[in-house]
Every structure is written in structure tokens, then in C-alpha cells.
Amino acid sequence: MSRSVKKIRVGILISGRGSNMTALIEACARPEYPASVALVISNKPDAAGLEVARQAGCPTLAIDHRPFGKDRAAHEHVIDAALREAGVQVVCLAGYMRLLTPFLTQAWSGRMLNIHPSLLPDFPGLHTHERAIEAGKRQHGCTIHLVTEEMDEGPVLAQASVNVLPGDTPDDLAARVLKEEHRLYPEALDTFIRTHFPES
Ligand code: GRF
């Protein structure tokens with residue numbers, strides 16, 4: 001018989017296809033998994049992941065960044081209010097392609113996770129797969145880390161490695177890493193919650 005768990009309410013921020021979000025939604029559907037998806041927010045109203053989340057029965061919100069112009073923090077205040085309204089306890093960035101201001105990183109300090117497609121501290125930022133190939137790396141991978149004020153920094157919670165194979169294109173490598181991302185994010189969130197919310 002599976003143990004019943006008190007599920008921690010997770011908010012997921014996306015900007016695109018949301019395949020990592022999907023991996024988290026699928027994990028949260030398992031009765032013994034210690035989290036549920038309380039809300040999915042996209043800064044892009046046409047993000048494919050929003051429809052995927054809706055189909056899975058998750059509450060969704062599009063909070064378009066464009067009306068806020070250069071005022072990133074004003075956009076984040078609306079996101080923060082929506083997360084709190086939904087009773088979110090932990091935030092997972094999953095392909096959320098906006099730089100965060102100190103407002104949001106401080107508001108969720110120690111409670112916001114990100115997935116990055118490299119073995120940090122190698123290759124923060126974009127085009128990580130191209131850069132790993134160009135640098136002649138034999139190993140590449142992905143990292144789950146706590147979000148701090150600096151982009152793609154913050155304490156590492158988990159990493160997974162893949163081999164870089166001779167002749168790999170960036171797309172080949174991205175596909176190999178993505179498979180690991182989908183395994184690693186739910187696993188790292190599970191461990192994070194069991195460590196930080198022992199009552200779950
Ligand atoms: C992933 O590679 C993730 O590591 C990075 O952006 C990509 C998002 O993909 N942060 P998806 O939207 O989760 O499919």
C-alpha cells in the first residue's frame with residue numbers, strides 16, 4: 001500500500017514547449033510524489049506548454065511581460081501575487097526565458113529551483129550544447145540549482161551527465177541532455193521537498 005503524502009504546492013514558470021513542466025506534472029500525478037502542481041504561469045501567452053498543462057488539468061495563467069515594457073519587477077509583482085494567491089510553496093523554473101530581478105529571487109529565496117542544460121558552473125547562459133561541443137568537452141549534462149540573484153548560479157541540488165559523442169551536432173546533444181533533464185528534475189524536486197518540508 002502506498003503511503004499517503006501531504007503534497008507541497010508547486011508553481012511552474014515556463015516560456016515555451018514545457019517538456020520539463022510535463023515531466024513535473026507527470027511526477028506530481030503519482031500518489032506518493034510529495035508535490036502537486038498548483039499553478040503553471042507563462043510569460044508568453046502562446047507558449048505550447050500552457051495548452052499541455054491545461055489538458056493535464058492544471059490551473060494556468062498567461063502573464064504577458066510585454067505590457068510592462070522594461071519594468072521587469074512590475075511584471076514579477078503580478079507573477080508573485082498569482083503564485084501566493086494559488087498557495088504555492090515552491091517555484092520551479094522550467095524553460096522560463098526571462099532574467100529575474102532581485103524582487104522575485106529574494107521573494108522566493110531558498111524556494112525557487114531552476115533547470116539549466118549544462119554542468120554548471122560550465123556554460124551559464126544560452127547555446128550551451130554548441131558551446132560544450134566547441135570547447136571539446138567529453139561530458140555535458142544538466143543541473144538543478146536554487147535560484148539566486150545571479151543568472152544560472154546558486155547552490156547545485158543535482159546534476160546528470162551524458163557523454164559527448166564524436167560527430168554530435170548541438171541538436172543530438174540537446175536531445176540526449178533533455179532526456180536526462182526529464183528524469184532529473186522530478187527526482188531533484190522530490191529530494192528537495194523531502195529535505196525542506198519533512199512533514200510532507
Ligand atoms: C531546457 O533545456 C531547460 O534546461 C532550459 O530550457 C529548456 C526548456 O525546455 N532551461 P522545455 O520548455 O522544458 O521543453
# chains A, B, ... in the order shown; residues from 1 in each chain; ligands from 1
call {"tool": "select_by_dssp", "arguments": {"residues": "region 2-168 of chain A", "states": "strand (DSSP E)", "output": "MDAnalysis selection string"}}
result
chainID A and resid 8:14 35:42 60:62 90:93 112:116 139:146 156:163
call {"tool": "residues_near_ligand", "arguments": {"ligand": "ligand 1", "cutoff": "7 Å", "atoms": "only C-alpha atoms and all ligand atoms", "output": "number ranges by chain"}}
result
A: 14-21, 94-96, 115-117, 142, 178, 181
call {"tool": "select_by_dssp", "arguments": {"residues": "chain A", "states": "helix (DSSP H, G or I)", "output": "PyMOL selection string"}}
result
chain A and resi 19-28+48-55+66-68+72-85+102-107+128-134+170-196
call {"tool": "residues_around", "arguments": {"residues": "Glu199 (chain A)", "least_positions_apart": "4", "cutoff": "12 Å", "atoms": "only C-alpha atoms", "output": "list in words"}}
result
Ser4, Val5, Lys6, Lys7, Ile8, Pro34, Ile193, Arg194 and Thr195 of chain A
call {"tool": "closest_residue", "arguments": {"among": "A:Leu119, A:Ala188, A:Met151, A:His140", "to": "Leu165 (chain A)", "atoms": "only C-alpha atoms"}}
result
A:His140
call {"tool": "residues_around", "arguments": {"residues": "Leu13 (chain A)", "least_positions_apart": "3", "cutoff": "7 Å", "atoms": "only C-alpha atoms", "output": "number ranges by chain"}}
result
A: 40-42, 92-94, 96
call {"tool": "write_last_selection", "arguments": {"atoms": "all heavy atoms", "output": "PDB file, in the first residue's frame"}}
result
ATOM      1  N   VAL A  40       0.540  26.833 -13.271  1.00  0.00           N
ATOM      2  CA  VAL A  40       1.563  26.999 -14.315  1.00  0.00           C
ATOM      3  C   VAL A  40       1.390  28.396 -14.888  1.00  0.00           C
ATOM      4  O   VAL A  40       0.280  28.791 -15.271  1.00  0.00           O
ATOM      5  CB  VAL A  40       1.406  25.949 -15.438  1.00  0.00           C
ATOM      6  CG1 VAL A  40       2.363  26.250 -16.596  1.00  0.00           C
ATOM      7  CG2 VAL A  40       1.641  24.536 -14.901  1.00  0.00           C
ATOM      8  N   ILE A  41       2.479  29.156 -14.914  1.00  0.00           N
ATOM      9  CA  ILE A  41       2.437  30.516 -15.462  1.00  0.00           C
ATOM     10  C   ILE A  41       3.405  30.601 -16.641  1.00  0.00           C
ATOM     11  O   ILE A  41       4.541  30.129 -16.553  1.00  0.00           O
ATOM     12  CB  ILE A  41       2.869  31.567 -14.412  1.00  0.00           C
ATOM     13  CG1 ILE A  41       1.912  31.556 -13.211  1.00  0.00           C
ATOM     14  CG2 ILE A  41       2.913  32.970 -15.026  1.00  0.00           C
ATOM     15  CD1 ILE A  41       2.335  32.515 -12.085  1.00  0.00           C
ATOM     16  N   SER A  42       2.941  31.225 -17.715  1.00  0.00           N
ATOM     17  CA  SER A  42       3.842  31.533 -18.837  1.00  0.00           C
ATOM     18  C   SER A  42       3.863  33.037 -19.063  1.00  0.00           C
ATOM     19  O   SER A  42       2.820  33.691 -18.975  1.00  0.00           O
ATOM     20  CB  SER A  42       3.370  30.836 -20.108  1.00  0.00           C
ATOM     21  OG  SER A  42       4.164  31.267 -21.199  1.00  0.00           O
ATOM     22  N   CYS A  92       9.197  26.231  -9.507  1.00  0.00           N
ATOM     23  CA  CYS A  92      10.147  25.575 -10.421  1.00  0.00           C
ATOM     24  C   CYS A  92      10.176  26.346 -11.738  1.00  0.00           C
ATOM     25  O   CYS A  92       9.150  26.465 -12.418  1.00  0.00           O
ATOM     26  CB  CYS A  92       9.695  24.141 -10.716  1.00  0.00           C
ATOM     27  SG  CYS A  92       9.850  23.052  -9.304  1.00  0.00           S
ATOM     28  N   LEU A  93      11.336  26.883 -12.070  1.00  0.00           N
ATOM     29  CA  LEU A  93      11.526  27.479 -13.389  1.00  0.00           C
ATOM     30  C   LEU A  93      11.808  26.332 -14.356  1.00  0.00           C
ATOM     31  O   LEU A  93      12.673  25.498 -14.088  1.00  0.00           O
ATOM     32  CB  LEU A  93      12.700  28.456 -13.380  1.00  0.00           C
ATOM     33  CG  LEU A  93      12.674  29.576 -12.333  1.00  0.00           C
ATOM     34  CD1 LEU A  93      13.886  30.485 -12.529  1.00  0.00           C
ATOM     35  CD2 LEU A  93      11.383  30.381 -12.415  1.00  0.00           C
ATOM     36  N   ALA A  94      11.078  26.298 -15.453  1.00  0.00           N
ATOM     37  CA  ALA A  94      11.235  25.198 -16.419  1.00  0.00           C
ATOM     38  C   ALA A  94      11.221  25.789 -17.829  1.00  0.00           C
ATOM     39  O   ALA A  94      10.172  25.872 -18.465  1.00  0.00           O
ATOM     40  CB  ALA A  94      10.125  24.162 -16.233  1.00  0.00           C
ATOM     41  N   TYR A  96      11.957  28.958 -18.348  1.00  0.00           N
ATOM     42  CA  TYR A  96      11.426  30.320 -18.204  1.00  0.00           C
ATOM     43  C   TYR A  96      12.507  31.280 -18.677  1.00  0.00           C
ATOM     44  O   TYR A  96      13.575  31.374 -18.052  1.00  0.00           O
ATOM     45  CB  TYR A  96      11.038  30.584 -16.749  1.00  0.00           C
ATOM     46  CG  TYR A  96      10.377  31.937 -16.559  1.00  0.00           C
ATOM     47  CD1 TYR A  96       9.117  32.183 -17.094  1.00  0.00           C
ATOM     48  CD2 TYR A  96      11.005  32.959 -15.861  1.00  0.00           C
ATOM     49  CE1 TYR A  96       8.505  33.421 -16.944  1.00  0.00           C
ATOM     50  CE2 TYR A  96      10.405  34.207 -15.697  1.00  0.00           C
ATOM     51  CZ  TYR A  96       9.154  34.415 -16.244  1.00  0.00           C
ATOM     52  OH  TYR A  96       8.546  35.641 -16.104  1.00  0.00           O
TER      53      TYR A  96
END
call {"tool": "closest_residue", "arguments": {"among": "A:Ala53, A:Val91, A:Ala23, A:Ala86", "to": "Ala38 (chain A)", "atoms": "only C-alpha atoms"}}
result
A:Ala86
call {"tool": "residues_around", "arguments": {"residues": "Thr101 (chain A)", "least_positions_apart": "6", "cutoff": "12 Å", "atoms": "only C-alpha atoms", "output": "mmCIF file with N, CA and C atoms, in the first residue's frame"}}
result
data_model
loop_
_atom_site.group_PDB
_atom_site.id
_atom_site.type_symbol
_atom_site.label_atom_id
_atom_site.label_comp_id
_atom_site.auth_asym_id
_atom_site.auth_seq_id
_atom_site.Cartn_x
_atom_site.Cartn_y
_atom_site.Cartn_z
ATOM 1 N N LYS A 70 9.983 47.784 -19.961
ATOM 2 C CA LYS A 70 11.272 47.489 -19.318
ATOM 3 C C LYS A 70 11.136 47.218 -17.820
ATOM 4 N N ASP A 71 9.925 47.364 -17.294
ATOM 5 C CA ASP A 71 9.741 47.220 -15.846
ATOM 6 C C ASP A 71 9.555 45.747 -15.466
ATOM 7 N N ARG A 72 10.688 45.039 -15.418
ATOM 8 C CA ARG A 72 10.653 43.606 -15.112
ATOM 9 C C ARG A 72 10.035 43.334 -13.744
ATOM 10 N N ALA A 73 10.386 44.194 -12.785
ATOM 11 C CA ALA A 73 9.914 43.953 -11.414
ATOM 12 C C ALA A 73 8.389 44.076 -11.334
ATOM 13 N N ALA A 74 7.818 45.001 -12.116
ATOM 14 C CA ALA A 74 6.347 45.149 -12.095
ATOM 15 C C ALA A 74 5.691 43.870 -12.618
ATOM 16 N N HIS A 75 6.258 43.301 -13.670
ATOM 17 C CA HIS A 75 5.761 42.016 -14.195
ATOM 18 C C HIS A 75 5.875 40.938 -13.116
ATOM 19 N N GLU A 76 7.003 40.915 -12.431
ATOM 20 C CA GLU A 76 7.237 39.902 -11.399
ATOM 21 C C GLU A 76 6.292 40.073 -10.201
ATOM 22 N N HIS A 77 5.916 41.314 -9.902
ATOM 23 C CA HIS A 77 4.958 41.515 -8.803
ATOM 24 C C HIS A 77 3.632 40.815 -9.118
ATOM 25 N N ALA A 107 12.100 37.188 -2.998
ATOM 26 C CA ALA A 107 10.775 36.780 -2.501
ATOM 27 C C ALA A 107 10.692 35.258 -2.349
ATOM 28 N N TRP A 108 11.417 34.531 -3.221
ATOM 29 C CA TRP A 108 11.340 33.068 -3.209
ATOM 30 C C TRP A 108 12.691 32.435 -2.867
ATOM 31 N N VAL A 147 17.722 29.142 -7.170
ATOM 32 C CA VAL A 147 17.873 30.404 -7.888
ATOM 33 C C VAL A 147 18.321 31.495 -6.913
ATOM 34 N N THR A 148 19.406 32.193 -7.329
ATOM 35 C CA THR A 148 19.876 33.362 -6.589
ATOM 36 C C THR A 148 19.863 34.547 -7.549
ATOM 37 N N GLU A 149 20.417 35.668 -7.094
ATOM 38 C CA GLU A 149 20.317 36.872 -7.933
ATOM 39 C C GLU A 149 21.100 36.765 -9.228
ATOM 40 N N GLU A 150 22.199 36.011 -9.227
ATOM 41 C CA GLU A 150 22.995 35.866 -10.442
ATOM 42 C C GLU A 150 22.395 34.779 -11.326
ATOM 43 N N MET A 151 22.374 35.026 -12.636
ATOM 44 C CA MET A 151 21.780 34.067 -13.563
ATOM 45 C C MET A 151 22.563 32.753 -13.584
#
call {"tool": "residues_around", "arguments": {"residues": "Leu24 (chain A)", "least_positions_apart": "5", "cutoff": "10 Å", "atoms": "only C-alpha atoms", "output": "list in words"}}
result
Val10, Ile12, Gly18, Ser19, Ala29, Ala35, Ser36, Val37, Cys92, Ala94, His182, Arg183, Leu184, Tyr185, Pro186, Glu187, Leu189 and Asp190 of chain A
call {"tool": "closest_residue", "arguments": {"among": "A:Gly11, A:Pro102, A:Gly69, A:Pro170", "to": "Arg131 (chain A)", "atoms": "only C-alpha atoms"}}
result
A:Pro170
call {"tool": "atom_distance", "arguments": {"atom1": "CA of Gln55 (chain A)", "atom2": "CA of Arg9 (chain A)"}}
result
19.0 Å
call {"tool": "atom_distance", "arguments": {"atom1": "CA of Gln106 (chain A)", "atom2": "CA of Asp64 (chain A)"}}
result
21.6 Å
call {"tool": "atom_distance", "arguments": {"atom1": "CA of Leu39 (chain A)", "atom2": "CA of Pro59 (chain A)"}}
result
5.0 Å
call {"tool": "closest_residue", "arguments": {"among": "A:Ala174, A:Ala62, A:Thr105, A:Gly141", "to": "Gln159 (chain A)", "atoms": "only C-alpha atoms"}}
result
A:Gly141
